[in-house]
>>> print(open('entry_0.txt').read())   # compact mmCIF, C-alpha atoms
# COMPACT_ATOMS: atom_id res chain seq x y z
CA MET A 1 -41.38 77.38 -14.50
CA GLU A 2 -38.95 78.53 -17.19
CA LYS A 3 -41.37 81.39 -17.93
CA ARG A 4 -41.18 82.32 -14.27
CA GLY A 5 -37.39 82.52 -14.41
CA PHE A 6 -36.18 79.05 -13.36
CA SER A 7 -33.89 76.83 -15.42
CA THR A 8 -35.25 73.29 -15.18
CA VAL A 9 -34.10 69.73 -15.81
CA VAL A 10 -36.55 66.84 -15.80
CA LEU A 11 -35.08 63.49 -14.74
CA THR A 12 -37.60 61.45 -16.68
CA PRO A 13 -38.28 57.73 -17.01
CA THR A 14 -40.24 58.37 -20.25
CA HIS A 15 -38.39 61.00 -22.29
CA GLU A 16 -40.72 60.28 -25.23
CA PHE A 17 -43.27 62.66 -23.64
CA ASN A 18 -40.96 65.44 -24.83
CA ARG A 19 -42.47 64.91 -28.28
CA ALA A 20 -45.97 65.53 -26.87
CA VAL A 21 -45.41 68.46 -24.51
CA GLY A 22 -41.96 69.99 -25.17
CA ILE A 23 -39.64 69.76 -22.17
CA PRO A 24 -36.86 72.38 -21.88
CA ARG A 25 -34.08 70.00 -20.67
CA SER A 26 -34.49 66.24 -20.22
CA ALA A 27 -32.19 63.73 -18.54
CA ALA A 28 -33.62 60.40 -19.70
CA ILE A 29 -33.18 57.52 -17.27
CA GLU A 30 -34.07 53.89 -17.98
CA TYR A 31 -35.24 53.20 -14.44
CA PRO A 32 -38.71 52.19 -13.23
CA TYR A 33 -41.27 54.80 -12.19
CA GLY A 34 -41.06 55.84 -8.55
CA ARG A 35 -37.27 55.40 -8.36
CA PRO A 36 -35.75 57.65 -11.04
CA VAL A 37 -32.71 58.41 -8.86
CA GLY A 38 -31.85 54.79 -8.11
CA GLN A 39 -32.23 51.96 -5.68
CA VAL A 40 -33.14 52.20 -2.01
CA GLY A 41 -30.04 52.81 0.09
CA ASP A 42 -27.66 52.96 -2.89
CA ARG A 43 -26.01 56.27 -2.08
CA GLU A 44 -23.23 55.92 -4.65
CA GLY A 45 -25.59 54.88 -7.45
CA GLN A 46 -27.93 57.77 -6.65
CA ARG A 47 -25.01 60.20 -6.71
CA GLN A 48 -23.88 58.99 -10.13
CA VAL A 49 -27.36 59.41 -11.62
CA LEU A 50 -27.80 62.85 -10.08
CA LEU A 51 -24.37 64.10 -11.16
CA GLU A 52 -25.24 63.17 -14.76
CA ALA A 53 -28.73 64.66 -14.46
CA ILE A 54 -27.67 68.01 -13.01
CA SER A 55 -24.84 68.30 -15.54
CA VAL A 56 -27.64 68.82 -18.10
CA PHE A 57 -28.28 72.28 -16.58
CA GLU A 58 -24.99 73.42 -18.09
CA LYS A 59 -24.73 71.09 -21.11
CA ALA A 60 -28.11 71.88 -22.69
CA LYS A 61 -27.93 74.89 -24.96
CA THR A 62 -31.24 74.76 -26.82
CA PRO A 63 -34.82 74.01 -25.70
CA GLY A 64 -35.98 70.41 -26.05
CA GLU A 65 -32.61 68.66 -25.75
CA VAL A 66 -32.70 65.12 -24.33
CA TYR A 67 -29.61 63.59 -22.71
CA HIS A 68 -29.71 59.80 -22.37
CA LEU A 69 -28.11 58.68 -19.10
CA PRO A 70 -25.90 55.59 -19.41
CA PHE A 71 -27.31 53.58 -16.49
CA THR A 72 -29.01 50.18 -16.53
CA TRP A 73 -31.47 49.01 -13.87
CA PRO A 74 -30.25 45.69 -12.42
CA GLU A 75 -33.62 43.87 -12.48
CA GLU A 76 -35.79 42.59 -15.32
CA PRO A 77 -38.84 44.85 -15.89
CA LYS A 78 -41.27 42.26 -14.50
CA LYS A 79 -39.33 42.03 -11.26
CA THR A 80 -39.22 45.75 -10.52
CA ASP A 81 -42.61 45.84 -8.75
CA TRP A 82 -43.03 49.53 -9.53
CA GLN A 83 -46.76 49.51 -10.17
CA PRO A 84 -49.31 50.33 -7.46
CA PRO A 85 -50.77 47.39 -5.53
CA GLU A 86 -54.20 48.24 -6.95
CA MET A 87 -54.85 49.18 -10.60
CA SER A 88 -54.93 52.99 -10.87
CA PRO A 89 -58.35 54.64 -11.45
CA ILE A 90 -57.45 55.94 -14.93
CA VAL A 91 -56.20 52.51 -16.03
CA LYS A 92 -59.44 50.93 -14.76
CA PHE A 93 -61.43 53.65 -16.51
CA ARG A 94 -59.63 53.13 -19.85
CA LEU A 95 -59.17 49.38 -19.54
CA ASP A 96 -61.08 48.63 -22.76
CA ASP A 97 -58.79 50.97 -24.74
CA ILE A 98 -55.71 49.46 -23.09
CA ARG A 99 -56.88 45.93 -23.96
CA LYS A 100 -57.47 47.05 -27.57
CA ALA A 101 -53.94 48.50 -27.69
CA ARG A 102 -52.62 45.18 -26.40
CA GLN A 103 -54.58 43.23 -29.06
CA LEU A 104 -53.31 45.53 -31.81
CA LYS A 105 -49.74 45.03 -30.61
CA ASP A 106 -50.20 41.24 -30.56
CA GLN A 107 -51.60 41.32 -34.10
CA HIS A 108 -48.57 43.25 -35.31
CA GLU A 109 -46.10 40.78 -33.80
CA MET B 1 -24.00 55.35 -26.47
CA LYS B 2 -27.16 54.28 -24.65
CA VAL B 3 -30.55 55.29 -26.05
CA VAL B 4 -33.09 55.13 -23.25
CA ASP B 5 -36.25 53.11 -23.89
CA GLY B 6 -38.84 55.00 -21.86
CA PHE B 7 -41.32 52.15 -22.19
CA LYS B 8 -39.09 49.34 -20.96
CA PHE B 9 -40.86 48.98 -17.62
CA ILE B 10 -44.41 49.65 -18.85
CA PRO B 11 -46.58 46.57 -19.55
CA PRO B 12 -47.46 46.01 -23.25
CA GLY B 13 -51.12 47.11 -23.20
CA LEU B 14 -50.45 50.28 -21.26
CA ARG B 15 -47.38 50.88 -23.39
CA GLY B 16 -49.45 50.84 -26.59
CA PHE B 17 -52.09 53.06 -25.03
CA ILE B 18 -49.54 55.67 -23.91
CA LYS B 19 -47.62 55.51 -27.19
CA SER B 20 -50.84 56.25 -29.08
CA SER B 21 -50.98 59.62 -27.26
CA ILE B 22 -47.42 60.62 -28.23
CA PRO B 23 -46.72 61.93 -31.75
CA ASP B 24 -43.94 60.37 -33.83
CA GLU B 25 -42.46 63.71 -34.82
CA GLU B 26 -40.53 66.13 -32.62
CA PHE B 27 -42.37 68.83 -30.66
CA LYS B 28 -42.80 71.84 -32.92
CA SER B 29 -44.19 74.65 -30.75
CA THR B 30 -42.04 77.01 -28.72
CA ILE B 31 -40.58 75.51 -25.55
CA PRO B 32 -40.12 77.99 -22.67
CA TRP B 33 -36.44 78.51 -21.92
CA LYS B 34 -34.55 80.27 -19.13
CA PRO B 35 -30.80 80.03 -19.76
CA MET B 36 -28.62 79.27 -16.74
CA ALA B 37 -27.60 82.63 -15.28
CA LYS B 38 -24.37 81.35 -13.70
CA PRO B 39 -22.41 78.12 -13.23
CA LEU B 40 -24.19 75.30 -11.40
CA ALA B 41 -21.59 75.55 -8.63
CA GLN B 42 -23.00 79.01 -7.83
CA THR B 43 -26.67 78.22 -8.43
CA THR B 44 -29.43 77.60 -5.86
CA VAL B 45 -31.36 74.47 -6.77
CA ALA B 46 -34.79 73.29 -5.58
CA LEU B 47 -36.29 69.85 -6.10
CA VAL B 48 -39.84 69.27 -7.29
CA THR B 49 -41.48 65.88 -7.56
CA SER B 50 -44.93 64.71 -8.56
CA ALA B 51 -44.78 61.70 -6.24
CA GLY B 52 -47.44 62.77 -3.75
CA ILE B 53 -45.02 63.21 -0.84
CA SER B 54 -46.34 65.11 2.18
CA LEU B 55 -44.99 65.76 5.67
CA LYS B 56 -46.76 63.74 8.33
CA SER B 57 -47.64 67.07 9.92
CA ASP B 58 -49.52 68.14 6.73
CA PRO B 59 -52.72 66.73 5.19
CA PRO B 60 -52.06 63.85 2.78
CA PHE B 61 -52.89 64.16 -0.92
CA ASP B 62 -56.50 63.27 -1.66
CA VAL B 63 -56.56 59.95 -3.49
CA GLU B 64 -60.06 58.96 -2.34
CA ARG B 65 -61.78 61.44 -4.66
CA GLU B 66 -59.67 60.19 -7.59
CA LYS B 67 -60.89 56.65 -6.93
CA LYS B 68 -64.43 57.95 -7.52
CA GLU B 69 -63.46 60.40 -10.31
CA PRO B 70 -60.69 58.76 -12.40
CA LEU B 71 -60.06 61.93 -14.45
CA TRP B 72 -59.48 64.07 -11.37
CA GLY B 73 -56.13 64.52 -9.60
CA ASP B 74 -55.41 66.48 -6.41
CA ARG B 75 -54.11 69.90 -7.55
CA SER B 76 -52.57 70.96 -4.24
CA TYR B 77 -48.88 70.93 -3.37
CA ARG B 78 -46.76 70.46 -0.27
CA ARG B 79 -43.59 72.12 0.96
CA ILE B 80 -40.80 69.71 1.87
CA PRO B 81 -37.99 71.42 3.86
CA ARG B 82 -34.38 70.47 3.23
CA GLY B 83 -33.26 67.83 5.71
CA THR B 84 -36.57 65.97 5.54
CA THR B 85 -36.12 62.19 5.76
CA GLU B 86 -38.34 59.22 4.95
CA LYS B 87 -39.27 59.00 8.64
CA GLU B 88 -41.15 62.30 8.39
CA ILE B 89 -43.25 61.71 5.28
CA ASN B 90 -46.38 60.11 3.91
CA VAL B 91 -46.59 59.13 0.25
CA ASN B 92 -49.99 58.90 -1.42
CA HIS B 93 -50.01 58.03 -5.11
CA LEU B 94 -52.28 55.70 -7.07
CA HIS B 95 -49.97 55.30 -10.09
CA ILE B 96 -46.76 53.97 -8.53
CA ASN B 97 -45.70 51.63 -5.76
CA THR B 98 -44.85 54.07 -2.97
CA LYS B 99 -43.02 51.62 -0.69
CA TYR B 100 -39.55 52.45 -1.99
CA ILE B 101 -39.89 56.19 -1.28
CA LEU B 102 -41.04 55.37 2.24
CA ARG B 103 -37.81 53.38 2.72
CA ASP B 104 -35.51 56.00 1.15
CA ILE B 105 -36.85 59.42 0.15
CA ASN B 106 -33.75 59.93 -2.04
CA VAL B 107 -34.95 57.50 -4.71
CA MET B 108 -37.53 60.17 -5.66
CA LEU B 109 -36.69 63.42 -3.83
CA PRO B 110 -32.91 63.31 -3.31
CA LEU B 111 -32.57 65.89 -0.54
CA ALA B 112 -29.65 64.16 1.20
CA ARG B 113 -27.71 63.67 -2.04
CA MET B 114 -28.19 67.31 -3.09
CA ALA B 115 -27.11 68.48 0.38
CA GLU B 116 -23.92 66.46 -0.17
CA PHE B 117 -23.40 68.19 -3.52
CA GLU B 118 -23.83 71.55 -1.79
CA GLN B 119 -21.13 70.59 0.75
CA GLU B 120 -18.84 69.47 -2.06
CA GLY B 121 -19.38 72.63 -4.12
CA VAL B 122 -21.04 70.83 -7.04
CA ILE B 123 -24.10 73.09 -6.67
CA GLY B 124 -24.24 76.52 -5.06
CA ARG B 125 -27.00 75.77 -2.55
CA LEU B 126 -29.85 73.37 -2.04
CA ALA B 127 -32.96 75.52 -1.54
CA ILE B 128 -34.51 75.88 1.91
CA THR B 129 -37.70 74.34 0.53
CA SER B 130 -38.40 71.69 -2.06
CA TYR B 131 -41.88 70.66 -3.19
CA SER B 132 -44.16 67.78 -4.04
CA PHE B 133 -47.37 67.82 -5.96
CA TYR B 134 -49.53 64.97 -7.16
CA GLY B 135 -48.58 63.59 -10.54
CA PHE B 136 -51.87 63.07 -12.20
CA GLN B 137 -53.01 66.37 -13.68
CA ILE B 138 -55.29 66.75 -16.64
CA GLU B 139 -56.66 70.27 -16.16
CA SER B 140 -53.28 71.95 -16.37
CA ASN B 141 -54.37 75.62 -16.33
CA ASP B 142 -56.04 75.22 -12.93
CA PHE B 143 -53.01 73.29 -11.69
CA ILE B 144 -50.63 76.03 -12.87
CA ARG B 145 -52.69 78.67 -11.07
CA GLU B 146 -53.20 76.70 -7.86
CA ALA B 147 -49.80 75.00 -7.49
CA ILE B 148 -47.09 76.18 -9.89
CA GLU B 149 -47.74 79.90 -9.28
CA PRO B 150 -47.50 79.77 -5.47
CA MET B 151 -44.55 77.34 -5.57
CA SER B 152 -42.74 79.66 -7.99
CA GLY B 153 -43.48 82.65 -5.76
CA GLN B 154 -41.92 80.99 -2.73
CA MET B 155 -38.94 79.83 -4.79
CA LYS B 156 -38.28 83.41 -5.92
CA THR B 157 -38.45 84.59 -2.30
CA GLU B 158 -35.96 81.90 -1.28
CA GLY B 159 -33.49 82.69 -4.08
CA VAL B 160 -34.04 79.56 -6.20
CA GLU B 161 -32.57 79.75 -9.71
CA ALA B 162 -32.81 76.17 -11.01
CA VAL B 163 -35.18 73.27 -10.43
CA LEU B 164 -34.62 69.54 -10.82
CA LEU B 165 -37.92 67.80 -11.44
CA THR B 166 -38.52 64.11 -10.79
CA PRO B 167 -41.85 62.94 -12.19
CA ALA B 168 -43.55 59.92 -10.68
>>> encode(input="entry_0.txt", output="structure tokens")
Amino acid sequence: MEKRGFSTVVLTPTHEFNRAVGIPRSAAIEYPYGRPVGQVGDREGQRQVLLEAISVFEKAKTPGEVYHLPFTWPEEPKKTDWQPPEMSPIVKFRLDDIRKARQLKDQHE
Amino acid sequence: MKVVDGFKFIPPGLRGFIKSSIPDEEFKSTIPWKPMAKPLAQTTVALVTSAGISLKSDPPFDVEREKKEPLWGDRSYRRIPRGTTEKEINVNHLHINTKYILRDINVMLPLARMAEFEQEGVIGRLAITSYSFYGFQIESNDFIREAIEPMSGQMKTEGVEAVLLTPA
């Protein structure tokens, strides 16, 4: 989109992907997937996140900059219920690899 | 100062799997870059999300084929006019829980909040049209041709200068 003449900001829950694909301007938010702007019905909270995110349009001066937004989601990760009710097709398809990754992590801890 | 942990909400196995696909070092190739042409308060902004949002009057995103072909994702896109509310949308996405967007579209596609910012002079204008596509794309060249090109064309016609993207 930048090549087509648009300045972009990505409000991203996983800013680490910037290392894989190169994102022009990132506003990193530590919120669960599916609700990067905030909680349902929380107008003021959504406004605060968005004001920080869109400020990156003017703050970022070089490609690839990541701005870490200062907000904290109020629930523990396990209680956020952000995942789909049914395991996604790609996760099912790669389940063996995911289990191996889990085992490797357990071995390292 | 907070440093965001992008894996905080991702379960351990999936976390390790995703991390294995991300290099440790910074991205080295050229990143496309369009500098802001004018202050944000004079800029027309569109929203783009990958959350699989469609108007009830449009066809939903095809998730049935993906269930049969796990490496395939619907490459189409949908136009979402400004003023659209959660009452007027479907959300089809196999990688997130969609129930929150159906209760409040602004958690993903913040049309009402951006319209407020337009009123308050924080942004120049919210574009006439914002967009959703489906956030599981592996064959990116086809996706760019079939979705990004036509979306960009309409944005140019409607005077869009900046885009806030919210990935699902």
>>> closest_atom_pairs(input="entry_0.txt", of="chain A", to="chain B", cutoff="6 Å", atoms="all atoms listed in the file", output="JSON lines")
{"residue": "A:Glu2", "atom": "CA", "partner": "B:Lys34", "partner_atom": "CA", "distance": 5.1}
{"residue": "A:Lys3", "atom": "CA", "partner": "B:Pro32", "partner_atom": "CA", "distance": 6.0}
{"residue": "A:Gly5", "atom": "CA", "partner": "B:Lys34", "partner_atom": "CA", "distance": 6.0}
{"residue": "A:Phe6", "atom": "CA", "partner": "B:Ala162", "partner_atom": "CA", "distance": 5.0}
{"residue": "A:Ser7", "atom": "CA", "partner": "B:Ala162", "partner_atom": "CA", "distance": 4.6}
{"residue": "A:Thr8", "atom": "CA", "partner": "B:Val163", "partner_atom": "CA", "distance": 4.8}
{"residue": "A:Val9", "atom": "CA", "partner": "B:Leu164", "partner_atom": "CA", "distance": 5.0}
{"residue": "A:Val10", "atom": "CA", "partner": "B:Leu165", "partner_atom": "CA", "distance": 4.7}
{"residue": "A:Leu11", "atom": "CA", "partner": "B:Thr166", "partner_atom": "CA", "distance": 5.3}
{"residue": "A:Pro13", "atom": "CA", "partner": "B:Gly6", "partner_atom": "CA", "distance": 5.6}
{"residue": "A:Thr14", "atom": "CA", "partner": "B:Gly6", "partner_atom": "CA", "distance": 4.0}
{"residue": "A:Arg19", "atom": "CA", "partner": "B:Phe27", "partner_atom": "CA", "distance": 4.6}
{"residue": "A:Ala20", "atom": "CA", "partner": "B:Ile22", "partner_atom": "CA", "distance": 5.3}
{"residue": "A:Gly22", "atom": "CA", "partner": "B:Phe27", "partner_atom": "CA", "distance": 5.6}
{"residue": "A:Glu30", "atom": "CA", "partner": "B:Val4", "partner_atom": "CA", "distance": 5.5}
{"residue": "A:Pro32", "atom": "CA", "partner": "B:Phe9", "partner_atom": "CA", "distance": 5.8}
{"residue": "A:Tyr33", "atom": "CA", "partner": "B:Ala168", "partner_atom": "CA", "distance": 5.8}
{"residue": "A:Gly34", "atom": "CA", "partner": "B:Ala168", "partner_atom": "CA", "distance": 5.2}
{"residue": "A:Arg35", "atom": "CA", "partner": "B:Val107", "partner_atom": "CA", "distance": 4.8}
{"residue": "A:Val37", "atom": "CA", "partner": "B:Val107", "partner_atom": "CA", "distance": 4.8}
{"residue": "A:Gly38", "atom": "CA", "partner": "B:Val107", "partner_atom": "CA", "distance": 5.3}
{"residue": "A:Val40", "atom": "CA", "partner": "B:Asp104", "partner_atom": "CA", "distance": 5.5}
{"residue": "A:Pro63", "atom": "CA", "partner": "B:Ile31", "partner_atom": "CA", "distance": 6.0}
{"residue": "A:His68", "atom": "CA", "partner": "B:Val4", "partner_atom": "CA", "distance": 5.8}
{"residue": "A:Pro70", "atom": "CA", "partner": "B:Lys2", "partner_atom": "CA", "distance": 5.5}
{"residue": "A:Pro77", "atom": "CA", "partner": "B:Phe9", "partner_atom": "CA", "distance": 4.9}
{"residue": "A:Trp82", "atom": "CA", "partner": "B:Asn97", "partner_atom": "CA", "distance": 5.1}
{"residue": "A:Gln83", "atom": "CA", "partner": "B:Ile96", "partner_atom": "CA", "distance": 4.8}
{"residue": "A:Pro84", "atom": "CA", "partner": "B:Asn97", "partner_atom": "CA", "distance": 4.2}
{"residue": "A:Ser88", "atom": "CA", "partner": "B:Leu94", "partner_atom": "CA", "distance": 5.4}
{"residue": "A:Pro89", "atom": "CA", "partner": "B:Pro70", "partner_atom": "CA", "distance": 4.8}
{"residue": "A:Ile90", "atom": "CA", "partner": "B:Pro70", "partner_atom": "CA", "distance": 5.0}
{"residue": "A:Ile98", "atom": "CA", "partner": "B:Gly13", "partner_atom": "CA", "distance": 5.2}
{"residue": "A:Arg99", "atom": "CA", "partner": "B:Gly13", "partner_atom": "CA", "distance": 5.9}
{"residue": "A:Ala101", "atom": "CA", "partner": "B:Gly16", "partner_atom": "CA", "distance": 5.2}
{"residue": "A:Arg102", "atom": "CA", "partner": "B:Gly13", "partner_atom": "CA", "distance": 4.0}
>>> closest_residue(input="entry_0.txt", among="B:Ser76, B:Thr43, B:Asn92, B:Ser57", to="Tyr131 in chain B", atoms="all atoms listed in the file")
B:Ser76
>>> atom_distance(input="entry_0.txt", atom1="CA of Asp142 in chain B", atom2="CA of Val21 in chain A")
17.1 Å
>>> closest_residue(input="entry_0.txt", among="A:Asp42, A:Ser26, A:Tyr31, A:Lys78", to="Phe57 in chain A", atoms="all atoms listed in the file")
A:Ser26
>>> atom_distance(input="entry_0.txt", atom1="CA of Pro24 in chain A", atom2="CA of Met1 in chain A")
10.0 Å
>>> closest_residue(input="entry_0.txt", among="B:Glu158, B:Arg78, B:Glu86, B:Gln42", to="Ser54 in chain B", atoms="all atoms listed in the file")
B:Arg78
>>> axis_aligned_box(input="entry_0.txt", around="range 81-92 of chain B", padding_each_side="3 Å", output="lines of an AutoDock Vina configuration file")
center_x = -41.6
center_y = 65.2
center_z = 3.6
size_x = 22.7
size_y = 18.5
size_z = 16.1
>>> atom_distance(input="entry_0.txt", atom1="CA of Ser130 in chain B", atom2="CA of Ile80 in chain B")
5.0 Å
>>> closest_residue(input="entry_0.txt", among="B:Gln119, B:Glu88, B:Asp74, B:Phe61", to="Ser140 in chain B", atoms="only C-alpha atoms")
B:Asp74
>>> closest_residue(input="entry_0.txt", among="B:Thr85, B:Asn90, B:Ser132, B:Thr44", to="Ala147 in chain B", atoms="all atoms listed in the file")
B:Ser132
>>> closest_residue(input="entry_0.txt", among="B:Ile128, B:Phe133, B:Leu55, B:Pro81", to="Glu146 in chain B", atoms="only C-alpha atoms")
B:Phe133
>>> residues_near_point(input="entry_0.txt", point="(-36.5, 63.0, -25.1)", cutoff="7 Å", atoms="all atoms listed in the file", output="number ranges by chain")
A: 15-18, 26, 28, 65-66
>>> decode(input="entry_0.txt", residues="range 3-72 of chain A", atoms="C-alpha atoms", output="PDB file, in the first residue's frame")
ATOM      1  CA  LYS A   3       4.078   1.625  -2.926  1.00  0.00           C
ATOM      2  CA  ARG A   4       0.644   2.699  -4.099  1.00  0.00           C
ATOM      3  CA  GLY A   5       0.951   6.025  -2.282  1.00  0.00           C
ATOM      4  CA  PHE A   6      -0.646   5.421   1.131  1.00  0.00           C
ATOM      5  CA  SER A   7       1.068   6.005   4.475  1.00  0.00           C
ATOM      6  CA  THR A   8       0.166   3.076   6.725  1.00  0.00           C
ATOM      7  CA  VAL A   9       0.199   2.181  10.408  1.00  0.00           C
ATOM      8  CA  VAL A  10      -0.406  -1.376  11.574  1.00  0.00           C
ATOM      9  CA  LEU A  11      -1.995  -1.695  15.020  1.00  0.00           C
ATOM     10  CA  THR A  12      -0.533  -5.111  15.686  1.00  0.00           C
ATOM     11  CA  PRO A  13      -0.882  -7.616  18.527  1.00  0.00           C
ATOM     12  CA  THR A  14       2.343  -9.357  17.389  1.00  0.00           C
ATOM     13  CA  HIS A  15       4.883  -6.700  16.405  1.00  0.00           C
ATOM     14  CA  GLU A  16       7.561  -9.404  16.185  1.00  0.00           C
ATOM     15  CA  PHE A  17       6.327 -10.177  12.642  1.00  0.00           C
ATOM     16  CA  ASN A  18       8.066  -6.947  11.657  1.00  0.00           C
ATOM     17  CA  ARG A  19      11.320  -8.928  11.775  1.00  0.00           C
ATOM     18  CA  ALA A  20       9.914 -11.420   9.244  1.00  0.00           C
ATOM     19  CA  VAL A  21       8.136  -9.172   6.750  1.00  0.00           C
ATOM     20  CA  GLY A  22       9.175  -5.537   7.338  1.00  0.00           C
ATOM     21  CA  ILE A  23       6.258  -3.308   8.346  1.00  0.00           C
ATOM     22  CA  PRO A  24       6.532   0.428   7.545  1.00  0.00           C
ATOM     23  CA  ARG A  25       5.026   1.739  10.835  1.00  0.00           C
ATOM     24  CA  SER A  26       3.910  -0.459  13.735  1.00  0.00           C
ATOM     25  CA  ALA A  27       1.894   0.436  16.820  1.00  0.00           C
ATOM     26  CA  ALA A  28       2.394  -2.611  19.043  1.00  0.00           C
ATOM     27  CA  ILE A  29      -0.485  -3.403  21.381  1.00  0.00           C
ATOM     28  CA  GLU A  30      -0.457  -6.092  24.080  1.00  0.00           C
ATOM     29  CA  TYR A  31      -4.105  -7.008  23.578  1.00  0.00           C
ATOM     30  CA  PRO A  32      -5.599 -10.336  22.472  1.00  0.00           C
ATOM     31  CA  TYR A  33      -6.244 -11.067  18.804  1.00  0.00           C
ATOM     32  CA  GLY A  34      -9.639  -9.923  17.553  1.00  0.00           C
ATOM     33  CA  ARG A  35      -9.767  -6.885  19.870  1.00  0.00           C
ATOM     34  CA  PRO A  36      -6.678  -4.771  19.109  1.00  0.00           C
ATOM     35  CA  VAL A  37      -8.582  -1.534  19.761  1.00  0.00           C
ATOM     36  CA  GLY A  38      -9.933  -2.541  23.165  1.00  0.00           C
ATOM     37  CA  GLN A  39     -12.831  -4.003  25.038  1.00  0.00           C
ATOM     38  CA  VAL A  40     -16.429  -4.211  23.874  1.00  0.00           C
ATOM     39  CA  GLY A  41     -18.286  -0.999  24.686  1.00  0.00           C
ATOM     40  CA  ASP A  42     -15.243   0.744  26.193  1.00  0.00           C
ATOM     41  CA  ARG A  43     -15.394   3.929  24.155  1.00  0.00           C
ATOM     42  CA  GLU A  44     -12.834   5.816  26.235  1.00  0.00           C
ATOM     43  CA  GLY A  45     -10.343   2.931  26.259  1.00  0.00           C
ATOM     44  CA  GLN A  46     -10.705   2.495  22.499  1.00  0.00           C
ATOM     45  CA  ARG A  47     -10.112   6.210  21.973  1.00  0.00           C
ATOM     46  CA  GLN A  48      -6.921   6.144  24.034  1.00  0.00           C
ATOM     47  CA  VAL A  49      -5.507   3.208  22.062  1.00  0.00           C
ATOM     48  CA  LEU A  50      -6.432   4.768  18.733  1.00  0.00           C
ATOM     49  CA  LEU A  51      -5.022   8.194  19.599  1.00  0.00           C
ATOM     50  CA  GLU A  52      -1.681   6.545  20.410  1.00  0.00           C
ATOM     51  CA  ALA A  53      -1.837   4.357  17.298  1.00  0.00           C
ATOM     52  CA  ILE A  54      -2.633   7.136  14.833  1.00  0.00           C
ATOM     53  CA  SER A  55       0.006   9.385  16.391  1.00  0.00           C
ATOM     54  CA  VAL A  56       2.512   6.955  14.839  1.00  0.00           C
ATOM     55  CA  PHE A  57       1.612   8.339  11.381  1.00  0.00           C
ATOM     56  CA  GLU A  58       3.409  11.549  12.335  1.00  0.00           C
ATOM     57  CA  LYS A  59       5.978  10.218  14.827  1.00  0.00           C
ATOM     58  CA  ALA A  60       7.555   7.541  12.622  1.00  0.00           C
ATOM     59  CA  LYS A  61      10.323   8.950  10.470  1.00  0.00           C
ATOM     60  CA  THR A  62      12.020   5.831   9.103  1.00  0.00           C
ATOM     61  CA  PRO A  63      10.649   2.532   7.732  1.00  0.00           C
ATOM     62  CA  GLY A  64      10.321  -0.323  10.213  1.00  0.00           C
ATOM     63  CA  GLU A  65       9.842   1.700  13.397  1.00  0.00           C
ATOM     64  CA  VAL A  66       7.815  -0.003  16.155  1.00  0.00           C
ATOM     65  CA  TYR A  67       6.063   2.064  18.838  1.00  0.00           C
ATOM     66  CA  HIS A  68       5.058   0.096  21.938  1.00  0.00           C
ATOM     67  CA  LEU A  69       1.700   1.294  23.279  1.00  0.00           C
ATOM     68  CA  PRO A  70       1.537   1.578  27.081  1.00  0.00           C
ATOM     69  CA  PHE A  71      -1.737  -0.295  27.660  1.00  0.00           C
ATOM     70  CA  THR A  72      -2.365  -3.478  29.649  1.00  0.00           C
TER      71      THR A  72
END
